[in-house]
$ cat entry_32.txt   # compact mmCIF, C-alpha atoms
# COMPACT_ATOMS: atom_id res chain seq x y z
CA MET A 1 -8.64 -32.64 5.43
CA ALA A 2 -7.47 -29.94 3.03
CA ALA A 3 -6.18 -26.69 4.50
CA PRO A 4 -8.69 -23.81 4.29
CA GLU A 5 -8.23 -21.30 1.51
CA PRO A 6 -6.64 -17.98 2.62
CA ARG A 7 -9.17 -15.20 3.17
CA GLN A 8 -9.07 -12.50 0.51
CA THR A 9 -10.36 -9.05 1.44
CA VAL A 10 -9.15 -7.46 -1.81
CA GLN A 11 -9.82 -9.19 -5.14
CA ILE A 12 -9.04 -7.83 -8.60
CA ARG A 13 -10.95 -9.61 -11.38
CA ASP A 14 -9.98 -9.17 -15.05
CA VAL A 15 -9.47 -5.41 -14.71
CA HIS A 16 -8.78 -3.30 -17.78
CA LYS A 17 -7.88 0.40 -17.71
CA SER A 18 -6.79 2.70 -20.52
CA PHE A 19 -5.97 6.40 -20.65
CA GLY A 20 -6.70 7.51 -24.17
CA SER A 21 -4.86 5.12 -26.46
CA PHE A 22 -2.50 3.95 -23.68
CA ASP A 23 -3.52 0.59 -22.22
CA VAL A 24 -2.30 0.38 -18.61
CA LEU A 25 -4.11 -2.64 -17.18
CA THR A 26 -5.00 -5.31 -19.72
CA GLY A 27 -6.83 -8.03 -17.83
CA LEU A 28 -5.32 -7.95 -14.35
CA THR A 29 -6.49 -10.58 -11.87
CA LEU A 30 -4.98 -10.66 -8.39
CA ASN A 31 -6.30 -11.77 -5.01
CA PHE A 32 -4.36 -10.43 -2.03
CA VAL A 33 -3.95 -12.82 0.90
CA ASP A 34 -5.26 -11.37 4.17
CA ASP A 35 -2.99 -10.68 7.14
CA ALA A 36 0.06 -10.89 4.89
CA ILE A 37 2.44 -8.44 3.21
CA THR A 38 2.27 -8.54 -0.58
CA THR A 39 4.69 -6.56 -2.72
CA VAL A 40 3.78 -5.67 -6.30
CA LEU A 41 6.77 -5.22 -8.59
CA GLY A 42 7.18 -4.31 -12.22
CA PRO A 43 8.76 -1.82 -14.61
CA SER A 44 7.74 1.84 -14.62
CA GLY A 45 4.45 2.44 -16.41
CA THR A 46 3.17 -1.09 -15.97
CA GLY A 47 0.22 -0.06 -13.79
CA LYS A 48 1.32 -0.54 -10.17
CA SER A 49 0.15 2.82 -8.82
CA VAL A 50 -2.94 2.68 -11.04
CA LEU A 51 -3.76 -0.64 -9.36
CA LEU A 52 -3.65 0.99 -5.91
CA LYS A 53 -5.99 3.77 -7.05
CA HIS A 54 -8.45 1.15 -8.28
CA ILE A 55 -8.39 -0.69 -4.96
CA VAL A 56 -9.37 2.42 -2.98
CA GLY A 57 -12.01 3.41 -5.50
CA LEU A 58 -10.27 6.49 -6.91
CA LEU A 59 -10.31 5.03 -10.43
CA GLU A 60 -13.10 3.05 -12.01
CA PRO A 61 -12.07 0.17 -14.28
CA ASP A 62 -13.09 0.20 -17.92
CA GLN A 63 -13.84 -3.49 -17.52
CA GLY A 64 -13.66 -5.98 -14.66
CA GLU A 65 -14.42 -5.93 -10.95
CA ILE A 66 -12.80 -4.60 -7.79
CA ILE A 67 -14.09 -6.64 -4.84
CA VAL A 68 -13.30 -5.17 -1.42
CA PHE A 69 -14.71 -6.56 1.83
CA GLY A 70 -16.99 -8.74 -0.28
CA GLN A 71 -18.47 -5.87 -2.33
CA ASN A 72 -17.98 -4.77 -5.91
CA ILE A 73 -17.09 -1.17 -5.09
CA TRP A 74 -18.55 0.13 -8.35
CA ASN A 75 -21.95 -1.41 -7.65
CA ILE A 76 -22.43 0.74 -4.54
CA THR A 77 -22.95 4.45 -3.90
CA GLU A 78 -20.17 7.01 -3.52
CA ARG A 79 -21.09 7.40 0.13
CA GLU A 80 -20.67 3.65 0.63
CA ARG A 81 -17.30 3.81 -1.13
CA GLN A 82 -16.25 6.59 1.22
CA GLU A 83 -17.11 4.40 4.19
CA ILE A 84 -15.01 1.59 2.73
CA ARG A 85 -12.07 3.98 2.23
CA LYS A 86 -12.04 4.64 5.97
CA ARG A 87 -10.97 1.02 6.41
CA PHE A 88 -7.83 1.69 4.33
CA GLY A 89 -4.58 3.33 5.30
CA VAL A 90 -2.35 4.69 2.55
CA LEU A 91 1.29 5.79 2.72
CA PHE A 92 2.08 7.87 -0.36
CA GLN A 93 5.52 8.32 -1.93
CA ASP A 94 6.31 11.64 -0.22
CA GLY A 95 4.19 11.07 2.88
CA ALA A 96 1.63 13.57 1.46
CA LEU A 97 1.76 15.63 4.64
CA PHE A 98 0.13 19.06 4.95
CA GLY A 99 2.98 21.57 5.00
CA SER A 100 1.08 24.04 7.17
CA MET A 101 0.40 21.49 9.94
CA ASN A 102 2.83 20.10 12.48
CA ILE A 103 3.45 16.36 12.70
CA PHE A 104 0.86 15.86 15.45
CA ASP A 105 -1.92 17.60 13.52
CA ASN A 106 -1.03 15.76 10.32
CA VAL A 107 -1.42 12.42 12.06
CA ALA A 108 -4.56 13.55 13.88
CA PHE A 109 -6.24 14.76 10.68
CA PRO A 110 -8.10 11.52 9.75
CA LEU A 111 -9.45 11.19 13.29
CA ARG A 112 -10.73 14.76 13.32
CA LYS A 113 -12.24 14.44 9.85
CA HIS A 114 -13.83 11.00 10.09
CA THR A 115 -14.67 10.45 13.77
CA ASP A 116 -16.40 12.22 16.66
CA LYS A 117 -13.69 11.40 19.17
CA ARG A 118 -12.82 13.91 21.87
CA GLU A 119 -9.46 15.68 21.65
CA SER A 120 -8.22 13.74 24.64
CA GLU A 121 -8.94 10.46 22.83
CA ILE A 122 -7.34 11.76 19.65
CA ARG A 123 -4.20 12.76 21.52
CA GLU A 124 -3.91 9.32 23.09
CA ILE A 125 -4.25 7.55 19.72
CA VAL A 126 -1.90 9.91 17.89
CA MET A 127 0.81 9.75 20.52
CA SER A 128 0.57 5.96 20.57
CA ARG A 129 1.05 5.78 16.80
CA LEU A 130 3.87 8.34 16.85
CA ASP A 131 5.57 6.33 19.57
CA GLU A 132 5.38 3.23 17.36
CA VAL A 133 7.23 5.04 14.57
CA GLY A 134 9.67 6.85 16.87
CA LEU A 135 8.41 10.40 16.37
CA THR A 136 7.17 11.51 19.79
CA ARG A 137 9.90 14.16 19.94
CA ALA A 138 8.90 15.66 16.59
CA VAL A 139 5.20 16.36 17.27
CA SER A 140 5.56 20.15 17.05
CA LYS A 141 7.76 20.20 13.93
CA THR A 142 6.37 20.88 10.47
CA PRO A 143 7.14 18.59 7.51
CA GLY A 144 9.64 21.16 6.25
CA GLU A 145 11.64 20.79 9.45
CA VAL A 146 12.14 17.01 9.34
CA SER A 147 14.02 14.56 7.15
CA GLY A 148 12.55 12.51 4.33
CA GLY A 149 12.64 9.40 6.48
CA MET A 150 10.74 11.17 9.27
CA LYS A 151 8.10 12.31 6.78
CA LYS A 152 7.64 8.70 5.69
CA ARG A 153 7.25 7.58 9.31
CA ALA A 154 4.75 10.36 10.00
CA GLY A 155 2.79 9.30 6.92
CA PHE A 156 2.86 5.72 8.17
CA ALA A 157 1.54 6.80 11.57
CA ARG A 158 -1.26 8.74 9.89
CA ALA A 159 -2.13 5.71 7.74
CA LEU A 160 -2.63 3.69 10.93
CA VAL A 161 -4.71 6.00 13.14
CA LEU A 162 -8.10 4.65 12.00
CA ASN A 163 -7.00 1.06 12.65
CA PRO A 164 -7.29 0.07 8.97
CA SER A 165 -7.86 -3.47 7.77
CA VAL A 166 -5.79 -2.79 4.64
CA VAL A 167 -2.65 -0.63 4.46
CA MET A 168 -1.17 0.30 1.09
CA PHE A 169 2.28 1.72 0.43
CA ASP A 170 3.00 3.54 -2.83
CA GLU A 171 6.80 3.32 -3.21
CA PRO A 172 7.49 3.90 0.50
CA ASP A 173 11.25 3.72 -0.13
CA SER A 174 11.23 6.45 -2.82
CA GLY A 175 13.85 9.09 -2.08
CA LEU A 176 15.39 7.22 0.86
CA ASP A 177 18.99 6.04 1.10
CA PRO A 178 19.62 2.29 1.59
CA VAL A 179 20.01 2.54 5.37
CA ARG A 180 16.79 4.50 5.91
CA THR A 181 15.00 2.18 3.48
CA SER A 182 16.10 -0.79 5.59
CA LEU A 183 14.98 0.94 8.79
CA LEU A 184 11.57 1.73 7.26
CA ASN A 185 11.26 -1.91 6.21
CA ASP A 186 12.03 -2.99 9.78
CA LEU A 187 9.27 -0.67 10.98
CA ILE A 188 6.75 -2.06 8.49
CA LEU A 189 7.54 -5.60 9.65
CA LYS A 190 7.33 -4.62 13.33
CA VAL A 191 3.97 -2.86 13.04
CA HIS A 192 2.50 -5.64 10.90
CA ALA A 193 3.64 -8.26 13.40
CA GLU A 194 1.94 -6.33 16.22
CA HIS A 195 -1.33 -5.40 14.51
CA GLY A 196 -1.77 -7.66 11.50
CA GLY A 197 -3.75 -6.54 8.48
CA THR A 198 -3.45 -6.85 4.73
CA TYR A 199 -0.44 -4.85 3.55
CA VAL A 200 0.11 -4.06 -0.14
CA LEU A 201 3.40 -2.46 -1.22
CA VAL A 202 4.28 -1.05 -4.62
CA THR A 203 8.01 -0.58 -5.09
CA HIS A 204 10.94 -0.80 -7.50
CA ASP A 205 13.31 -1.77 -4.71
CA ILE A 206 14.12 -5.47 -4.96
CA ARG A 207 15.76 -5.49 -1.50
CA THR A 208 12.54 -4.15 0.02
CA ALA A 209 10.52 -6.87 -1.70
CA ARG A 210 12.81 -9.62 -0.47
CA LYS A 211 12.92 -8.28 3.09
CA VAL A 212 9.29 -7.49 3.89
CA SER A 213 7.17 -9.67 1.62
CA ASP A 214 5.19 -12.78 2.35
CA TYR A 215 4.01 -12.77 -1.26
CA VAL A 216 5.31 -11.14 -4.45
CA GLY A 217 3.31 -10.22 -7.53
CA VAL A 218 5.03 -9.17 -10.75
CA LEU A 219 3.25 -7.02 -13.35
CA TRP A 220 4.27 -6.70 -16.96
CA LYS A 221 2.35 -5.08 -19.80
CA GLY A 222 -0.70 -4.61 -17.60
CA LYS A 223 -1.04 -8.22 -16.50
CA LEU A 224 0.03 -10.27 -13.51
CA ILE A 225 2.64 -12.68 -14.81
CA HIS A 226 3.69 -14.12 -11.46
CA TYR A 227 2.20 -14.36 -7.97
CA GLY A 228 3.41 -16.49 -5.11
CA GLU A 229 5.44 -16.70 -1.94
CA THR A 230 8.57 -14.57 -1.89
CA GLU A 231 11.17 -17.29 -2.27
CA GLU A 232 9.16 -18.83 -5.10
CA ALA A 233 9.34 -15.52 -6.96
CA PHE A 234 13.08 -15.13 -6.45
CA ASN A 235 13.64 -18.69 -7.62
CA SER A 236 11.35 -18.37 -10.65
CA ASP A 237 12.40 -19.82 -14.01
CA MET A 238 10.25 -17.34 -15.95
CA PRO A 239 12.66 -15.24 -18.06
CA PHE A 240 11.08 -11.85 -17.30
CA VAL A 241 10.66 -12.52 -13.56
CA ARG A 242 14.22 -13.83 -13.29
CA GLN A 243 15.59 -10.82 -15.19
CA PHE A 244 13.63 -8.21 -13.26
CA LEU A 245 14.33 -9.60 -9.79
CA SER A 246 18.03 -10.05 -10.55
CA GLY A 247 18.40 -6.65 -12.24
CA SER A 248 20.05 -8.25 -15.25
CA SER A 249 20.30 -6.45 -18.60
CA ALA A 250 19.87 -9.78 -20.39
CA GLY A 251 16.27 -10.81 -20.94
CA PRO A 252 12.96 -9.79 -22.50
CA LEU A 253 12.82 -6.36 -20.78
CA GLY A 254 14.63 -3.67 -22.73
CA MET A 255 14.78 0.13 -22.71
CA ASP A 256 11.51 0.59 -24.64
$ encode --input "entry_32.txt" --output "C-alpha cells"
Amino acid sequence: MAAPEPRQTVQIRDVHKSFGSFDVLTGLTLNFVDDAITTVLGPSGTGKSVLLKHIVGLLEPDQGEIIVFGQNIWNITERERQEIRKRFGVLFQDGALFGSMNIFDNVAFPLRKHTDKRESEIREIVMSRLDEVGLTRAVSKTPGEVSGGMKKRAGFARALVLNPSVVMFDEPDSGLDPVRTSLLNDLILKVHAEHGGTYVLVTHDIRTARKVSDYVGVLWKGKLIHYGETEEAFNSDMPFVRQFLSGSSAGPLGMD
C-alpha cells in the first residue's frame, strides 16, 4: 500500500503579484507540508516576504489561489479572513513589539484582543510561553531595555499564545550574531518538537536553513525552482540552487 500523501494546510497555486511594472511573483506554486519546518530561501527581492503576506491574507494575488485550511481566502469575507488569521502566529524581523508595553503585556496582547479569557488565565498562558523562551525574568522590562535576541524571543512567545496551527518567521535571524542565531534556531526546534505545527521560515541565512529545516524551497525570479527535503536541496545539481546554497560567486546569480 502506498504511503498517504502529506497533509497540506497551506497551498499556493500559480500565484502572480506585481507592484506597478515590477513583477514579484510570476506563477508561484508551493504546498507546505504540515507539522514540518519549511524554509524559503532566495535572493533579495525575489518575493519571500511577499509570499508570507499572501499566506496571511494581507496581500491579494493578481492571479492564482491561496488555499488555507481548505479555503480560498479570497473567496470569503474579510471577517472570515480575520478568523483564519487567528490561527497563525507570525514572528517579524524585529519582533514588532510595542515600545510602550512591557514584555508581559506585549505577549498578552493577542489574548486580550482576540479572546474573552480572564486575566488569571491570560497570566498563566503568557508566563508559560515566556518560560518556554527563557524570558520569565524580563516580564516587566520594555523592548528598549532588552537585547535584540530577547526581542526575538518575546516575539516568538507572542506568536505562540493563541496556539496557532501555522507559525511564520520573517527573517528571524536578522540582526543577530551567529551565536544568538544558533540559540534561536535551537529554540525553534525545541518548541516545534513539543507542540508541532506547520512552520514557515523566510531567511537569507544558509546555516539556519540547514539546521532547522525539514524541507527547503528556493525562489528565483518569482518562481519556485526547487522544493524538497533539506539534504536533497543541499545536494542539488541545479546550478542556481547549488550556487545559492554554497554562497559561490560562480553561477547564474550575479549582482543585478
$ atom_distance --input "entry_32.txt" --atom1 "CA of Gly89 (chain A)" --atom2 "CA of Gly155 (chain A)"
9.6 Å
$ closest_residue --input "entry_32.txt" --among "A:Lys53, A:His195, A:Arg153, A:Arg112" --to "Ala96 (chain A)" --atoms "all atoms listed in the file"
A:Arg153
$ closest_residue --input "entry_32.txt" --among "A:Pro110, A:Ile103, A:Tyr199, A:Asp62" --to "Gly20 (chain A)" --atoms "all atoms listed in the file"
A:Asp62
$ closest_residue --input "entry_32.txt" --among "A:Phe88, A:Thr203, A:Lys221, A:Glu60" --to "Val161 (chain A)" --atoms "all atoms listed in the file"
A:Phe88
$ closest_residue --input "entry_32.txt" --among "A:Leu91, A:Ile84, A:Leu176, A:Leu245" --to "Gly217 (chain A)" --atoms "all atoms listed in the file"
A:Leu245
$ atom_distance --input "entry_32.txt" --atom1 "CA of Lys141 (chain A)" --atom2 "CA of Val179 (chain A)"
23.1 Å
$ build_atoms --input "entry_32.txt" --residues "region 36-48 of chain A" --atoms "N, CA and C atoms" --output "PDB file, in the frame of the given file"
ATOM      1  N   ALA A  36      -1.261 -10.627   5.469  1.00  0.00           N
ATOM      2  CA  ALA A  36       0.060 -10.890   4.890  1.00  0.00           C
ATOM      3  C   ALA A  36       0.538  -9.616   4.210  1.00  0.00           C
ATOM      4  N   ILE A  37       1.844  -9.572   3.939  1.00  0.00           N
ATOM      5  CA  ILE A  37       2.440  -8.440   3.210  1.00  0.00           C
ATOM      6  C   ILE A  37       2.717  -8.893   1.788  1.00  0.00           C
ATOM      7  N   THR A  38       2.056  -8.246   0.834  1.00  0.00           N
ATOM      8  CA  THR A  38       2.270  -8.540  -0.580  1.00  0.00           C
ATOM      9  C   THR A  38       2.942  -7.356  -1.245  1.00  0.00           C
ATOM     10  N   THR A  39       4.012  -7.610  -1.956  1.00  0.00           N
ATOM     11  CA  THR A  39       4.690  -6.560  -2.720  1.00  0.00           C
ATOM     12  C   THR A  39       4.410  -6.760  -4.200  1.00  0.00           C
ATOM     13  N   VAL A  40       4.037  -5.652  -4.858  1.00  0.00           N
ATOM     14  CA  VAL A  40       3.780  -5.670  -6.300  1.00  0.00           C
ATOM     15  C   VAL A  40       4.948  -4.977  -6.989  1.00  0.00           C
ATOM     16  N   LEU A  41       5.599  -5.710  -7.865  1.00  0.00           N
ATOM     17  CA  LEU A  41       6.770  -5.220  -8.590  1.00  0.00           C
ATOM     18  C   LEU A  41       6.479  -5.160 -10.081  1.00  0.00           C
ATOM     19  N   GLY A  42       7.301  -4.385 -10.776  1.00  0.00           N
ATOM     20  CA  GLY A  42       7.180  -4.310 -12.220  1.00  0.00           C
ATOM     21  C   GLY A  42       7.844  -3.062 -12.736  1.00  0.00           C
ATOM     22  N   PRO A  43       8.128  -2.998 -14.035  1.00  0.00           N
ATOM     23  CA  PRO A  43       8.760  -1.820 -14.610  1.00  0.00           C
ATOM     24  C   PRO A  43       7.891  -0.578 -14.477  1.00  0.00           C
ATOM     25  N   SER A  44       8.494   0.587 -14.627  1.00  0.00           N
ATOM     26  CA  SER A  44       7.740   1.840 -14.620  1.00  0.00           C
ATOM     27  C   SER A  44       6.696   1.816 -15.728  1.00  0.00           C
ATOM     28  N   GLY A  45       5.509   2.342 -15.414  1.00  0.00           N
ATOM     29  CA  GLY A  45       4.450   2.440 -16.410  1.00  0.00           C
ATOM     30  C   GLY A  45       3.655   1.174 -16.615  1.00  0.00           C
ATOM     31  N   THR A  46       3.879   0.179 -15.766  1.00  0.00           N
ATOM     32  CA  THR A  46       3.170  -1.090 -15.970  1.00  0.00           C
ATOM     33  C   THR A  46       1.870  -1.167 -15.183  1.00  0.00           C
ATOM     34  N   GLY A  47       1.541  -0.121 -14.396  1.00  0.00           N
ATOM     35  CA  GLY A  47       0.220  -0.060 -13.790  1.00  0.00           C
ATOM     36  C   GLY A  47       0.171  -0.291 -12.289  1.00  0.00           C
ATOM     37  N   LYS A  48       1.311  -0.234 -11.609  1.00  0.00           N
ATOM     38  CA  LYS A  48       1.320  -0.540 -10.170  1.00  0.00           C
ATOM     39  C   LYS A  48       0.550   0.503  -9.360  1.00  0.00           C
TER      40      LYS A  48
END
